[in-house]
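Structure file final-v2.cif (mmCIF, C-alpha atoms) is printed below.
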data_work
loop_
_atom_site.label_atom_id
_atom_site.label_comp_id
_atom_site.auth_asym_id
_atom_site.auth_seq_id
_atom_site.Cartn_x
_atom_site.Cartn_y
_atom_site.Cartn_z
CA MET A 1206 -255.13 237.13 25.29
CA LEU A 1207 -254.67 235.32 21.98
CA THR A 1208 -256.19 231.87 21.70
CA LEU A 1209 -254.96 229.66 18.87
CA LEU A 1210 -257.29 226.86 17.87
CA LEU A 1211 -255.82 224.30 15.50
CA ALA A 1212 -259.07 222.91 14.10
CA GLU A 1213 -259.93 219.64 12.37
CA ALA A 1214 -256.34 218.54 12.94
CA GLU A 1215 -255.52 215.29 11.18
CA LEU A 1216 -254.55 213.47 14.34
CA GLU A 1217 -256.05 210.03 15.13
CA LEU A 1218 -255.11 206.48 16.04
CA VAL A 1219 -254.85 203.96 13.19
CA PRO A 1220 -258.52 203.31 12.23
CA LYS A 1221 -259.82 199.75 12.05
CA GLU A 1222 -259.95 199.81 8.21
CA VAL A 1223 -256.16 200.26 8.19
CA LEU A 1224 -255.18 198.00 11.12
CA ASN A 1225 -254.68 194.84 9.06
CA HIS A 1226 -252.93 196.46 6.12
CA PRO A 1227 -249.37 195.09 5.75
CA CYS A 1228 -247.85 198.59 6.22
CA ALA A 1229 -249.66 199.01 9.56
CA VAL A 1230 -248.84 195.49 10.75
CA ALA A 1231 -245.12 195.87 9.92
CA TYR A 1232 -244.91 199.26 11.61
CA ALA A 1233 -246.66 198.06 14.77
CA LYS A 1234 -244.29 195.09 14.94
CA LYS A 1235 -241.24 197.32 14.48
CA ARG A 1236 -242.38 199.57 17.32
CA GLY A 1237 -243.42 196.64 19.53
CA LYS A 1238 -246.84 198.22 20.12
CA LYS A 1239 -250.43 197.15 19.63
CA GLY A 1240 -251.55 198.50 16.23
CA SER A 1241 -254.63 200.22 17.61
CA ASN A 1242 -252.49 202.27 20.04
CA ILE A 1243 -250.44 203.79 17.23
CA LEU A 1244 -251.02 207.17 15.57
CA LEU A 1245 -251.99 207.21 11.92
CA ASP A 1246 -249.08 208.71 9.97
CA SER A 1247 -249.26 209.36 6.25
CA THR A 1248 -245.52 208.80 5.79
CA ILE A 1249 -245.99 205.26 7.16
CA HIS A 1250 -249.55 204.34 6.23
CA HIS A 1251 -249.86 205.99 2.82
CA PRO A 1252 -250.45 202.71 0.93
CA ALA A 1253 -253.49 202.11 3.15
CA LEU A 1254 -254.76 205.70 3.04
CA LYS A 1255 -255.70 205.63 -0.63
CA LYS A 1256 -258.87 203.65 0.00
CA LEU A 1257 -259.84 205.60 3.14
CA GLU A 1258 -262.36 208.46 3.12
CA ASP A 1259 -260.38 211.75 3.07
CA GLY A 1260 -257.27 209.56 2.86
CA TRP A 1261 -255.34 212.28 1.02
CA ARG A 1262 -255.41 214.57 4.07
CA ARG A 1263 -255.37 212.16 7.03
CA GLY A 1264 -252.49 211.04 9.26
CA ARG A 1265 -250.60 214.31 9.79
CA PRO A 1266 -249.25 214.39 13.37
CA ASP A 1267 -246.30 216.39 11.95
CA ILE A 1268 -248.62 219.40 11.46
CA VAL A 1269 -249.68 219.30 15.12
CA HIS A 1270 -246.04 218.85 16.22
CA PHE A 1271 -244.73 221.88 14.33
CA PHE A 1272 -247.71 224.02 15.24
CA LEU A 1273 -247.22 223.29 18.94
CA LEU A 1274 -243.43 223.74 18.91
CA ILE A 1275 -243.65 227.15 17.27
CA SER A 1276 -246.50 228.29 19.51
CA LEU A 1277 -244.97 227.07 22.78
CA ASP A 1278 -241.54 228.56 21.95
CA SER A 1279 -242.96 231.99 21.14
CA ILE A 1280 -242.26 235.17 23.09
CA LEU A 1281 -246.03 235.71 23.39
CA ASN A 1282 -246.41 232.36 25.15
CA TYR A 1283 -243.53 233.19 27.49
CA GLU A 1284 -245.32 236.43 28.34
CA GLY A 1285 -248.42 234.42 29.33
CA LYS A 1286 -250.63 235.89 26.61
CA LEU A 1287 -251.20 232.78 24.47
CA ALA A 1288 -253.62 229.88 24.94
CA ILE A 1289 -253.30 226.85 22.67
CA VAL A 1290 -255.94 224.18 21.91
CA VAL A 1291 -256.14 221.47 19.28
CA HIS A 1292 -259.39 220.02 17.90
CA THR A 1293 -259.14 216.79 15.89
CA ARG A 1294 -261.16 215.21 13.08
CA GLU A 1295 -262.76 212.86 15.65
CA ASN A 1296 -263.94 215.77 17.81
CA LYS A 1297 -261.30 215.31 20.45
CA LEU A 1298 -260.04 218.41 22.21
CA ILE A 1299 -256.42 218.60 23.38
CA LYS A 1300 -255.57 221.28 25.94
CA ILE A 1301 -251.92 222.23 26.26
CA ASP A 1302 -250.42 223.86 29.34
CA ARG A 1303 -248.34 226.83 28.27
CA GLY A 1304 -245.32 225.60 30.25
CA THR A 1305 -245.12 222.34 28.30
CA LYS A 1306 -241.65 221.49 26.97
CA LEU A 1307 -242.61 219.39 23.97
CA PRO A 1308 -240.04 216.93 22.57
CA LYS A 1309 -238.47 218.36 19.40
CA ASN A 1310 -237.79 214.82 18.24
CA TYR A 1311 -240.74 213.69 16.11
CA MET A 1312 -240.79 210.06 17.28
CA ARG A 1313 -240.70 211.13 20.91
CA PHE A 1314 -243.63 213.47 20.20
CA ILE A 1315 -245.52 210.59 18.57
CA GLY A 1316 -244.89 208.46 21.66
CA LEU A 1317 -246.16 211.24 23.91
CA ILE A 1318 -249.41 211.71 21.96
CA GLU A 1319 -250.00 207.95 21.89
CA GLN A 1320 -249.58 207.98 25.67
CA LEU A 1321 -252.09 210.85 25.83
CA TYR A 1322 -254.65 208.90 23.78
CA GLN A 1323 -254.27 205.94 26.15
CA ASN A 1324 -254.20 207.73 29.52
CA LYS A 1325 -256.13 210.97 28.74
CA TYR A 1326 -253.44 212.91 30.64
CA VAL A 1327 -249.71 213.48 30.19
CA PRO A 1328 -247.57 213.15 32.28
CA ASN A 1329 -250.26 212.40 34.95
CA LYS A 1330 -253.78 213.32 36.08
CA GLU A 1331 -252.63 215.42 39.07
CA THR A 1332 -250.45 217.89 37.14
CA PRO A 1333 -251.33 217.39 33.48
CA LEU A 1334 -249.48 219.31 30.76
CA LEU A 1335 -251.62 217.76 28.04
CA ARG A 1336 -255.23 216.66 28.44
CA ILE A 1337 -257.60 215.12 25.92
CA GLU A 1338 -261.41 215.22 26.01
CA ASN A 1339 -263.88 213.38 23.78
CA ASN A 1340 -267.04 214.55 21.99
CA ARG A 1341 -266.07 218.19 21.70
CA THR A 1342 -267.28 219.49 18.34
CA ILE A 1343 -265.58 222.44 16.75
CA GLY A 1344 -268.82 224.42 17.21
CA ASP A 1345 -268.92 223.74 20.95
CA ILE A 1346 -265.28 224.70 21.30
CA ILE A 1347 -265.54 227.93 19.34
CA ARG A 1348 -268.70 229.01 21.20
CA LYS A 1349 -266.96 228.61 24.57
CA LEU A 1350 -263.81 230.52 23.67
CA LYS A 1351 -263.70 234.20 24.58
CA GLY A 1352 -262.82 236.93 22.12
CA ARG A 1353 -263.23 238.00 18.51
CA LYS A 1354 -263.30 234.84 16.41
CA ILE A 1355 -261.28 234.87 13.22
CA LEU A 1356 -261.06 232.03 10.75
CA PHE A 1357 -257.95 231.87 8.59
CA SER A 1358 -258.81 230.79 5.10
CA GLU A 1359 -257.44 231.44 1.62
CA LYS A 1360 -260.94 232.70 0.81
CA GLY A 1361 -260.85 235.39 3.49
CA ARG A 1362 -260.22 239.11 3.23
CA ASN A 1363 -256.65 240.37 3.10
CA GLU A 1364 -255.60 242.25 6.25
CA ASN A 1365 -252.56 243.78 7.91
CA LEU A 1366 -252.84 241.65 11.05
CA CYS A 1367 -250.91 244.04 13.25
CA GLU A 1368 -253.29 246.92 12.51
CA TYR A 1369 -256.29 244.61 12.78
CA PHE A 1370 -255.36 243.18 16.18
CA LYS A 1371 -254.95 246.69 17.63
CA LYS A 1372 -258.75 246.88 17.65
CA TYR A 1373 -259.31 243.80 19.82
CA ASP A 1374 -257.89 242.57 23.13
CA ASP A 1375 -259.17 239.00 23.20
CA VAL A 1376 -258.83 237.20 19.91
CA VAL A 1377 -259.49 233.58 18.92
CA CYS A 1378 -257.69 232.53 15.74
CA ILE A 1379 -258.87 229.35 14.05
CA ILE A 1380 -256.29 227.67 11.82
CA GLY A 1381 -256.83 224.45 9.88
CA GLY A 1382 -254.79 221.48 11.12
CA PHE A 1383 -254.89 219.70 7.76
CA PRO A 1384 -252.49 219.87 4.81
CA GLU A 1385 -254.66 221.70 2.26
CA GLY A 1386 -258.24 222.38 1.22
CA ASN A 1387 -261.24 223.53 3.23
CA PHE A 1388 -262.70 222.99 6.67
CA LYS A 1389 -265.20 220.14 6.64
CA ALA A 1390 -267.56 221.96 9.02
CA ASN A 1391 -269.29 225.15 7.98
CA LEU A 1392 -268.05 227.68 10.51
CA ASP A 1393 -269.53 230.82 8.99
CA ASN A 1394 -272.17 231.32 11.71
CA LEU A 1395 -269.65 230.85 14.51
CA ILE A 1396 -267.04 233.37 13.48
CA ASP A 1397 -266.77 237.15 13.39
CA ASP A 1398 -264.33 237.41 10.52
CA LYS A 1399 -262.56 235.45 7.80
CA ILE A 1400 -259.02 236.55 7.00
CA SER A 1401 -256.54 235.44 4.37
CA LEU A 1402 -252.80 236.04 4.58
CA SER A 1403 -252.17 234.90 1.02
CA THR A 1404 -253.97 233.29 -1.86
CA HIS A 1405 -251.18 230.71 -1.83
CA PRO A 1406 -251.65 227.88 0.70
CA PHE A 1407 -249.18 227.92 3.60
CA PRO A 1408 -248.54 225.35 6.33
CA SER A 1409 -250.53 225.74 9.56
CA TRP A 1410 -247.36 226.64 11.48
CA THR A 1411 -246.58 229.51 9.10
CA ILE A 1412 -250.03 230.99 9.71
CA ALA A 1413 -249.61 230.44 13.46
CA SER A 1414 -246.28 232.23 13.40
CA GLU A 1415 -247.75 235.22 11.50
CA VAL A 1416 -250.65 235.44 13.94
CA ILE A 1417 -248.55 235.13 17.10
CA VAL A 1418 -245.94 237.71 16.10
CA SER A 1419 -248.51 240.17 14.72
CA TYR A 1420 -250.63 239.96 17.85
CA ARG A 1421 -247.65 240.68 20.09
CA LEU A 1422 -246.55 243.60 17.90
CA SER A 1423 -250.05 245.06 17.96
CA LYS A 1424 -249.96 245.28 21.75
CA ILE A 1425 -246.61 247.00 22.22
CA THR A 1426 -245.94 250.66 21.74
CA SER A 1427 -242.61 251.59 20.27
CA PRO A 1428 -240.17 253.11 22.77
CA SER A 1429 -238.47 255.05 19.96
CA MET B 242 -234.93 242.48 1.00
CA LEU B 243 -234.39 240.84 4.38
CA THR B 244 -231.26 238.74 4.78
CA LEU B 245 -231.14 236.35 7.71
CA LEU B 246 -227.68 235.27 8.81
CA LEU B 247 -227.58 232.44 11.30
CA ALA B 248 -224.11 233.07 12.70
CA GLU B 249 -221.64 230.85 14.55
CA ALA B 250 -224.08 227.97 14.07
CA GLU B 251 -223.04 224.88 15.98
CA LEU B 252 -222.83 222.69 12.90
CA GLU B 253 -219.73 220.57 12.25
CA LEU B 254 -218.58 217.03 11.48
CA VAL B 255 -217.47 214.90 14.44
CA PRO B 256 -214.06 216.37 15.37
CA LYS B 257 -211.03 214.08 15.70
CA GLU B 258 -211.01 214.35 19.52
CA VAL B 259 -214.43 212.69 19.57
CA LEU B 260 -214.03 210.14 16.74
CA ASN B 261 -212.76 207.30 18.93
CA HIS B 262 -215.14 207.85 21.82
CA PRO B 263 -217.40 204.79 22.29
CA CYS B 264 -220.56 206.89 21.69
CA ALA B 265 -219.23 208.08 18.32
CA VAL B 266 -218.01 204.62 17.28
CA ALA B 267 -221.34 202.98 18.15
CA TYR B 268 -223.36 205.66 16.33
CA ALA B 269 -221.19 205.45 13.19
CA LYS B 270 -221.58 201.67 13.18
CA LYS B 271 -225.35 201.93 13.60
CA ARG B 272 -225.58 204.32 10.66
CA GLY B 273 -223.09 202.30 8.54
CA LYS B 274 -221.07 205.45 7.86
CA LYS B 275 -217.47 206.52 8.34
CA GLY B 276 -217.28 208.39 11.65
CA SER B 277 -215.60 211.43 10.16
CA ASN B 278 -218.49 211.92 7.70
CA ILE B 279 -221.05 212.21 10.47
CA LEU B 280 -222.40 215.44 11.97
CA LEU B 281 -221.65 216.14 15.61
CA ASP B 282 -224.92 215.92 17.54
CA SER B 283 -225.16 216.71 21.24
CA THR B 284 -228.01 214.25 21.74
CA ILE B 285 -225.71 211.46 20.51
CA HIS B 286 -222.24 212.64 21.44
CA HIS B 287 -222.89 214.34 24.79
CA PRO B 288 -220.65 211.98 26.79
CA ALA B 289 -217.73 213.03 24.56
CA LEU B 290 -218.59 216.73 24.51
CA LYS B 291 -217.83 217.33 28.17
CA LYS B 292 -214.08 217.34 27.58
CA LEU B 293 -214.25 219.37 24.37
CA GLU B 294 -213.67 223.13 24.23
CA ASP B 295 -217.12 224.83 24.17
CA GLY B 296 -218.57 221.34 24.50
CA TRP B 297 -221.67 222.67 26.27
CA ARG B 298 -222.82 224.49 23.13
CA ARG B 299 -221.52 222.32 20.27
CA GLY B 300 -223.33 219.75 18.11
CA ARG B 301 -226.68 221.45 17.47
CA PRO B 302 -227.83 220.66 13.90
CA ASP B 303 -231.39 220.81 15.27
CA ILE B 304 -231.06 224.60 15.62
CA VAL B 305 -230.08 224.95 11.95
CA HIS B 306 -232.87 222.57 10.92
CA PHE B 307 -235.63 224.50 12.69
CA PHE B 308 -234.26 227.86 11.65
CA LEU B 309 -234.25 226.82 8.00
CA LEU B 310 -237.67 225.18 8.06
CA ILE B 311 -239.35 228.23 9.56
CA SER B 312 -237.53 230.63 7.23
CA LEU B 313 -238.13 228.64 4.04
CA ASP B 314 -241.82 228.09 4.85
CA SER B 315 -242.48 231.78 5.50
CA ILE B 316 -244.75 234.00 3.43
CA LEU B 317 -241.86 236.47 3.06
CA ASN B 318 -239.72 233.78 1.44
CA TYR B 319 -242.56 232.82 -0.90
CA GLU B 320 -242.77 236.49 -1.92
CA GLY B 321 -239.07 236.42 -2.83
CA LYS B 322 -238.03 238.95 -0.21
CA LEU B 323 -235.92 236.73 2.04
CA ALA B 324 -232.32 235.56 1.67
CA ILE B 325 -230.98 232.94 4.06
CA VAL B 326 -227.35 232.14 4.88
CA VAL B 327 -225.73 230.07 7.62
CA HIS B 328 -222.23 230.64 9.02
CA THR B 329 -220.74 227.87 11.17
CA ARG B 330 -218.20 227.75 14.01
CA GLU B 331 -215.57 226.53 11.53
CA ASN B 332 -216.12 229.51 9.23
CA LYS B 333 -218.07 227.60 6.66
CA LEU B 334 -220.78 229.45 4.78
CA ILE B 335 -223.92 227.63 3.65
CA LYS B 336 -226.04 229.32 0.99
CA ILE B 337 -229.62 228.15 0.68
CA ASP B 338 -231.73 228.59 -2.45
CA ARG B 339 -235.08 230.03 -1.47
CA GLY B 340 -236.95 227.29 -3.36
CA THR B 341 -235.40 224.51 -1.28
CA LYS B 342 -237.88 221.99 0.12
CA LEU B 343 -235.98 220.87 3.19
CA PRO B 344 -236.83 217.48 4.73
CA LYS B 345 -238.95 217.96 7.84
CA ASN B 346 -237.65 214.66 9.17
CA TYR B 347 -234.58 215.37 11.31
CA MET B 348 -232.57 212.30 10.31
CA ARG B 349 -233.18 212.99 6.62
CA PHE B 350 -231.98 216.58 7.20
CA ILE B 351 -228.84 215.23 8.92
CA GLY B 352 -228.19 212.96 5.92
CA LEU B 353 -228.59 215.90 3.55
CA ILE B 354 -226.14 218.13 5.43
CA GLU B 355 -223.62 215.28 5.65
CA GLN B 356 -223.93 214.92 1.88
CA LEU B 357 -223.38 218.68 1.58
CA TYR B 358 -220.19 218.49 3.66
CA GLN B 359 -218.90 215.70 1.42
CA ASN B 360 -219.87 217.03 -2.01
CA LYS B 361 -220.00 220.83 -1.40
CA TYR B 362 -223.29 220.94 -3.34
CA VAL B 363 -226.75 219.43 -2.87
CA PRO B 364 -228.35 217.92 -4.92
CA ASN B 365 -225.65 218.61 -7.57
CA LYS B 366 -223.17 221.21 -8.80
CA GLU B 367 -225.23 222.23 -11.85
CA THR B 368 -228.40 223.24 -10.00
CA PRO B 369 -227.45 223.43 -6.34
CA LEU B 370 -230.06 224.18 -3.69
CA LEU B 371 -227.46 224.15 -0.92
CA ARG B 372 -223.82 225.14 -1.31
CA ILE B 373 -221.02 225.22 1.23
CA GLU B 374 -217.88 227.36 1.09
CA ASN B 375 -214.82 227.24 3.36
CA ASN B 376 -212.82 229.98 5.06
CA ARG B 377 -215.59 232.54 5.23
CA THR B 378 -215.28 234.42 8.51
CA ILE B 379 -218.32 236.06 10.00
CA GLY B 380 -216.64 239.44 9.44
CA ASP B 381 -216.17 238.77 5.70
CA ILE B 382 -219.73 237.61 5.37
CA ILE B 383 -221.28 240.55 7.19
CA ARG B 384 -219.18 243.07 5.25
CA LYS B 385 -220.38 241.69 1.91
CA LEU B 386 -224.07 241.62 2.79
CA LYS B 387 -226.12 244.63 1.72
CA GLY B 388 -228.36 246.56 4.09
CA ARG B 389 -228.64 247.83 7.64
CA LYS B 390 -226.90 245.29 9.87
CA ILE B 391 -228.66 244.36 13.07
CA LEU B 392 -227.37 241.96 15.66
CA PHE B 393 -229.92 240.23 17.86
CA SER B 394 -228.67 239.93 21.40
CA GLU B 395 -230.20 239.87 24.86
CA LYS B 396 -227.94 242.85 25.58
CA GLY B 397 -229.41 244.98 22.81
CA ARG B 398 -231.94 247.78 22.90
CA ASN B 399 -235.63 246.93 23.03
CA GLU B 400 -237.49 247.82 19.82
CA ASN B 401 -240.85 247.40 18.13
CA LEU B 402 -239.44 245.64 15.07
CA CYS B 403 -242.33 246.53 12.81
CA GLU B 404 -241.87 250.26 13.42
CA TYR B 405 -238.10 249.91 13.19
CA PHE B 406 -238.09 248.06 9.85
CA LYS B 407 -240.29 250.74 8.27
CA LYS B 408 -237.18 252.95 8.20
CA TYR B 409 -235.04 250.56 6.14
CA ASP B 410 -235.55 248.63 2.91
CA ASP B 411 -232.55 246.30 2.97
CA VAL B 412 -231.91 244.73 6.32
CA VAL B 413 -229.42 242.08 7.46
CA CYS B 414 -230.42 240.35 10.70
CA ILE B 415 -227.74 238.38 12.51
CA ILE B 416 -229.03 235.67 14.82
CA GLY B 417 -226.87 233.33 16.90
CA GLY B 418 -226.97 229.69 15.80
CA PHE B 419 -225.98 228.39 19.23
CA PRO B 420 -228.13 227.36 22.21
CA GLU B 421 -227.32 230.19 24.65
CA GLY B 422 -224.67 232.72 25.62
CA ASN B 423 -222.73 235.20 23.53
CA PHE B 424 -221.16 235.38 20.09
CA LYS B 425 -217.51 234.33 20.23
CA ALA B 426 -216.48 237.01 17.73
CA ASN B 427 -216.75 240.69 18.62
CA LEU B 428 -219.12 242.04 16.00
CA ASP B 429 -219.58 245.54 17.40
CA ASN B 430 -217.61 247.26 14.62
CA LEU B 431 -219.44 245.40 11.86
CA ILE B 432 -223.00 246.17 12.82
CA ASP B 433 -225.26 249.22 12.76
CA ASP B 434 -227.47 248.25 15.64
CA LYS B 435 -227.95 245.76 18.45
CA ILE B 436 -231.54 244.82 19.26
CA SER B 437 -233.08 242.67 21.96
CA LEU B 438 -236.55 241.16 21.76
CA SER B 439 -236.52 240.00 25.37
CA THR B 440 -234.16 239.73 28.30
CA HIS B 441 -235.14 236.06 28.40
CA PRO B 442 -233.18 233.83 25.98
CA PHE B 443 -235.26 232.41 23.11
CA PRO B 444 -234.39 229.79 20.50
CA SER B 445 -232.88 231.05 17.22
CA TRP B 446 -236.01 230.04 15.31
CA THR B 447 -238.23 232.12 17.59
CA ILE B 448 -236.11 235.20 16.88
CA ALA B 449 -236.12 234.35 13.16
CA SER B 450 -239.89 234.08 13.18
CA GLU B 451 -240.28 237.46 14.95
CA VAL B 452 -237.93 239.12 12.46
CA ILE B 453 -239.50 237.59 9.33
CA VAL B 454 -243.09 238.40 10.26
CA SER B 455 -242.26 241.91 11.52
CA TYR B 456 -240.32 242.75 8.37
CA ARG B 457 -243.19 241.66 6.13
CA LEU B 458 -245.72 243.63 8.22
CA SER B 459 -243.54 246.74 8.06
CA LYS B 460 -243.69 246.72 4.27
CA ILE B 461 -247.43 246.36 3.78
CA THR B 462 -249.98 249.09 4.12
CA SER B 463 -253.30 248.17 5.60
CA PRO B 464 -256.19 248.09 3.11
CA SER B 465 -258.64 248.95 5.92
#

When written as structure tokens, how does the structure in this file appear?
Amino acid sequence: MLTLLLAEAELELVPKEVLNHPCAVAYAKKRGKKGSNILLDSTIHHPALKKLEDGWRRGRPDIVHFFLLISLDSILNYEGKLAIVVHTRENKLIKIDRGTKLPKNYMRFIGLIEQLYQNKYVPNKETPLLRIENNRTIGDIIRKLKGRKILFSEKGRNENLCEYFKKYDDVVCIIGGFPEGNFKANLDNLIDDKISLSTHPFPSWTIASEVIVSYRLSKITSPS
Amino acid sequence: MLTLLLAEAELELVPKEVLNHPCAVAYAKKRGKKGSNILLDSTIHHPALKKLEDGWRRGRPDIVHFFLLISLDSILNYEGKLAIVVHTRENKLIKIDRGTKLPKNYMRFIGLIEQLYQNKYVPNKETPLLRIENNRTIGDIIRKLKGRKILFSEKGRNENLCEYFKKYDDVVCIIGGFPEGNFKANLDNLIDDKISLSTHPFPSWTIASEVIVSYRLSKITSPS
């Protein structure tokens, strides 16, 4: 089983420091929603982000959207060999059922995640496809996941992932859910390995795609 | 070099049979554009598609969008080893410069492709990132591309792509740009091989992702 953990994802509701900024007020009015029930989005709230701590990296639901679409649509997921979890900057944990058909439309995805933040479950508590839990630090989450724990970082060691994965059955791959830069938490004591796919920074979904395909390839033997 | 050809992609302007349908008229008005300069989109024009030939599969710019985003963002593309071309149902050929930063926002992508259909070049003729040419049949295109030609089809032979690609340097992978079903053209005499990744149908971008990652893996030797 491959577990993908998108960690420190820049997903959060509009914080109180931003709520009264004209860009946030106008956007909330346009959507006919209460400002505090709306996801922070750098393409909308960028004028207000400048003064916010870590403002340059916050408000990136698009990263989570693409990461989930690519993961859920993968052959590995169809084969039942992929588990997907998202950890956010506020230590929320989102669990995603592998059968989830996520909206490809970005605004419909935004609406769905806002519904999740309000109700804790989507579509409902009885048969949830998405669930959100509070107060789950990245350390807690990593400790509870089963398998060899690999952090993907530009500072890691270069590896041929397909050869590498042949050595392990259960693997947990930790990928940053932020646009660039480093993890805020020090994860060195929680992981077994640190791997780099390139010294150039790539989007989270590109790393996810490399990991998912390589893992699947490592587990099949060629019929030829 | 890996060349990805998204073939028979369901990308076209609103055809004349659909132009006067209320759904097309309302959408053109909303966007403040001439109806005939707008891309056919099944999510918008589905009431009009029912009566159209192949209506069930037409109007899928979202497939092209995702395919291009995943391909352009790949490590293989960054390394300069990927060429990307799109062939459409009307025998148009779209050439994409590998440095293109495509809008992730779907509506901005739609606007860009509509601009491409009008001007033949985007952003301009002098330094085009996207170019469109008419009257390029899939046969013409495949014949001119260099490398071993592989069609991806649910009816193909199962292969470990990583092992397979080790045998060839230049590879042309042909992936359907339509939601489901078969290629309309018979490509059997133009290809060297027909490969299946699964008997289950997967989106074009999932196949693209498998091909891109496997090709890159096949060309690197493990340092371990």

- Message: Need to verify the contact set: Lys1360 of chain A, 10 Å, all atoms listed in the file, exclusion of same-chain residues closer than 6 positions in sequence. Can you return it as a PyMOL selection string?
- Response: chain A and resi 1387+1399-1404

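With distances restricted to all atoms listed in the file, A:Met1206 is the closest residue to Tyr1373 of chain A from A:Met1206, A:Val1223, A:Ile1275, A:Leu1244.
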
- Task: Have a look at A:Arg1421, A:Lys1300, A:His1405, A:Arg1265 and name the one nearest to Ala1214 of chain A; count all atoms listed in the file.
- Result: A:Arg1265

- Arg377 of chain B proximity check over B:Glu355, B:Glu404, B:Asp282, B:Glu331, using all atoms listed in the file: winner is B:Glu331

- Message: Once the PyMOL selection byres ((chain A) within 10 of (chain B)) is applied to the coordinates I shared, what remains selected? I want it as a PyMOL selection string.
- Response: chain A and resi 1267+1271+1274-1280+1283-1284+1309-1312+1362-1369+1402-1403+1405-1408+1410-1412+1414-1419+1421-1423+1425-1429

Write out, as a PDB file, in the coordinates of the input, the residues just selected, with C-alpha atoms.
ATOM      1  CA  ASP A1267    -246.300 216.390  11.950  1.00  0.00           C
ATOM      2  CA  PHE A1271    -244.730 221.880  14.330  1.00  0.00           C
ATOM      3  CA  LEU A1274    -243.430 223.740  18.910  1.00  0.00           C
ATOM      4  CA  ILE A1275    -243.650 227.150  17.270  1.00  0.00           C
ATOM      5  CA  SER A1276    -246.500 228.290  19.510  1.00  0.00           C
ATOM      6  CA  LEU A1277    -244.970 227.070  22.780  1.00  0.00           C
ATOM      7  CA  ASP A1278    -241.540 228.560  21.950  1.00  0.00           C
ATOM      8  CA  SER A1279    -242.960 231.990  21.140  1.00  0.00           C
ATOM      9  CA  ILE A1280    -242.260 235.170  23.090  1.00  0.00           C
ATOM     10  CA  TYR A1283    -243.530 233.190  27.490  1.00  0.00           C
ATOM     11  CA  GLU A1284    -245.320 236.430  28.340  1.00  0.00           C
ATOM     12  CA  LYS A1309    -238.470 218.360  19.400  1.00  0.00           C
ATOM     13  CA  ASN A1310    -237.790 214.820  18.240  1.00  0.00           C
ATOM     14  CA  TYR A1311    -240.740 213.690  16.110  1.00  0.00           C
ATOM     15  CA  MET A1312    -240.790 210.060  17.280  1.00  0.00           C
ATOM     16  CA  ARG A1362    -260.220 239.110   3.230  1.00  0.00           C
ATOM     17  CA  ASN A1363    -256.650 240.370   3.100  1.00  0.00           C
ATOM     18  CA  GLU A1364    -255.600 242.250   6.250  1.00  0.00           C
ATOM     19  CA  ASN A1365    -252.560 243.780   7.910  1.00  0.00           C
ATOM     20  CA  LEU A1366    -252.840 241.650  11.050  1.00  0.00           C
ATOM     21  CA  CYS A1367    -250.910 244.040  13.250  1.00  0.00           C
ATOM     22  CA  GLU A1368    -253.290 246.920  12.510  1.00  0.00           C
ATOM     23  CA  TYR A1369    -256.290 244.610  12.780  1.00  0.00           C
ATOM     24  CA  LEU A1402    -252.800 236.040   4.580  1.00  0.00           C
ATOM     25  CA  SER A1403    -252.170 234.900   1.020  1.00  0.00           C
ATOM     26  CA  HIS A1405    -251.180 230.710  -1.830  1.00  0.00           C
ATOM     27  CA  PRO A1406    -251.650 227.880   0.700  1.00  0.00           C
ATOM     28  CA  PHE A1407    -249.180 227.920   3.600  1.00  0.00           C
ATOM     29  CA  PRO A1408    -248.540 225.350   6.330  1.00  0.00           C
ATOM     30  CA  TRP A1410    -247.360 226.640  11.480  1.00  0.00           C
ATOM     31  CA  THR A1411    -246.580 229.510   9.100  1.00  0.00           C
ATOM     32  CA  ILE A1412    -250.030 230.990   9.710  1.00  0.00           C
ATOM     33  CA  SER A1414    -246.280 232.230  13.400  1.00  0.00           C
ATOM     34  CA  GLU A1415    -247.750 235.220  11.500  1.00  0.00           C
ATOM     35  CA  VAL A1416    -250.650 235.440  13.940  1.00  0.00           C
ATOM     36  CA  ILE A1417    -248.550 235.130  17.100  1.00  0.00           C
ATOM     37  CA  VAL A1418    -245.940 237.710  16.100  1.00  0.00           C
ATOM     38  CA  SER A1419    -248.510 240.170  14.720  1.00  0.00           C
ATOM     39  CA  ARG A1421    -247.650 240.680  20.090  1.00  0.00           C
ATOM     40  CA  LEU A1422    -246.550 243.600  17.900  1.00  0.00           C
ATOM     41  CA  SER A1423    -250.050 245.060  17.960  1.00  0.00           C
ATOM     42  CA  ILE A1425    -246.610 247.000  22.220  1.00  0.00           C
ATOM     43  CA  THR A1426    -245.940 250.660  21.740  1.00  0.00           C
ATOM     44  CA  SER A1427    -242.610 251.590  20.270  1.00  0.00           C
ATOM     45  CA  PRO A1428    -240.170 253.110  22.770  1.00  0.00           C
ATOM     46  CA  SER A1429    -238.470 255.050  19.960  1.00  0.00           C
TER      47      SER A1429
END

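Across the model, the gap from atom CA of Leu370 of chain B to atom CA of Ile325 of chain B is 11.7 Å.
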
- Task: Would you translate the PyMOL selection byres ((chain A and resi 1398) around 8) into the concrete set of residues it matches in this file, as a ChimeraX atom specification?
- Result: /A:1354-1356,1396-1397,1399-1400

- Excluding same-chain residues fewer than 6 positions from Val305 of chain B, what lies within 10 Å of it counting only C-alpha atoms, as a VMD selection string? chain B and resid 247 250 to 252 327 329 350 418 to 419 445 to 446

- Message: If we count only C-alpha atoms and set the cut-off at 12 Å, which residues sit around Thr1248 of chain A, ignoring sequence neighbours fewer than 2 positions away in its own chain? Please answer as JSON, numbers by chain.
- Response: {"A": [1228, 1229, 1232, 1244, 1245, 1246, 1250, 1251, 1252, 1253, 1254, 1261, 1262, 1263, 1264, 1265, 1266, 1267], "B": [345, 346]}
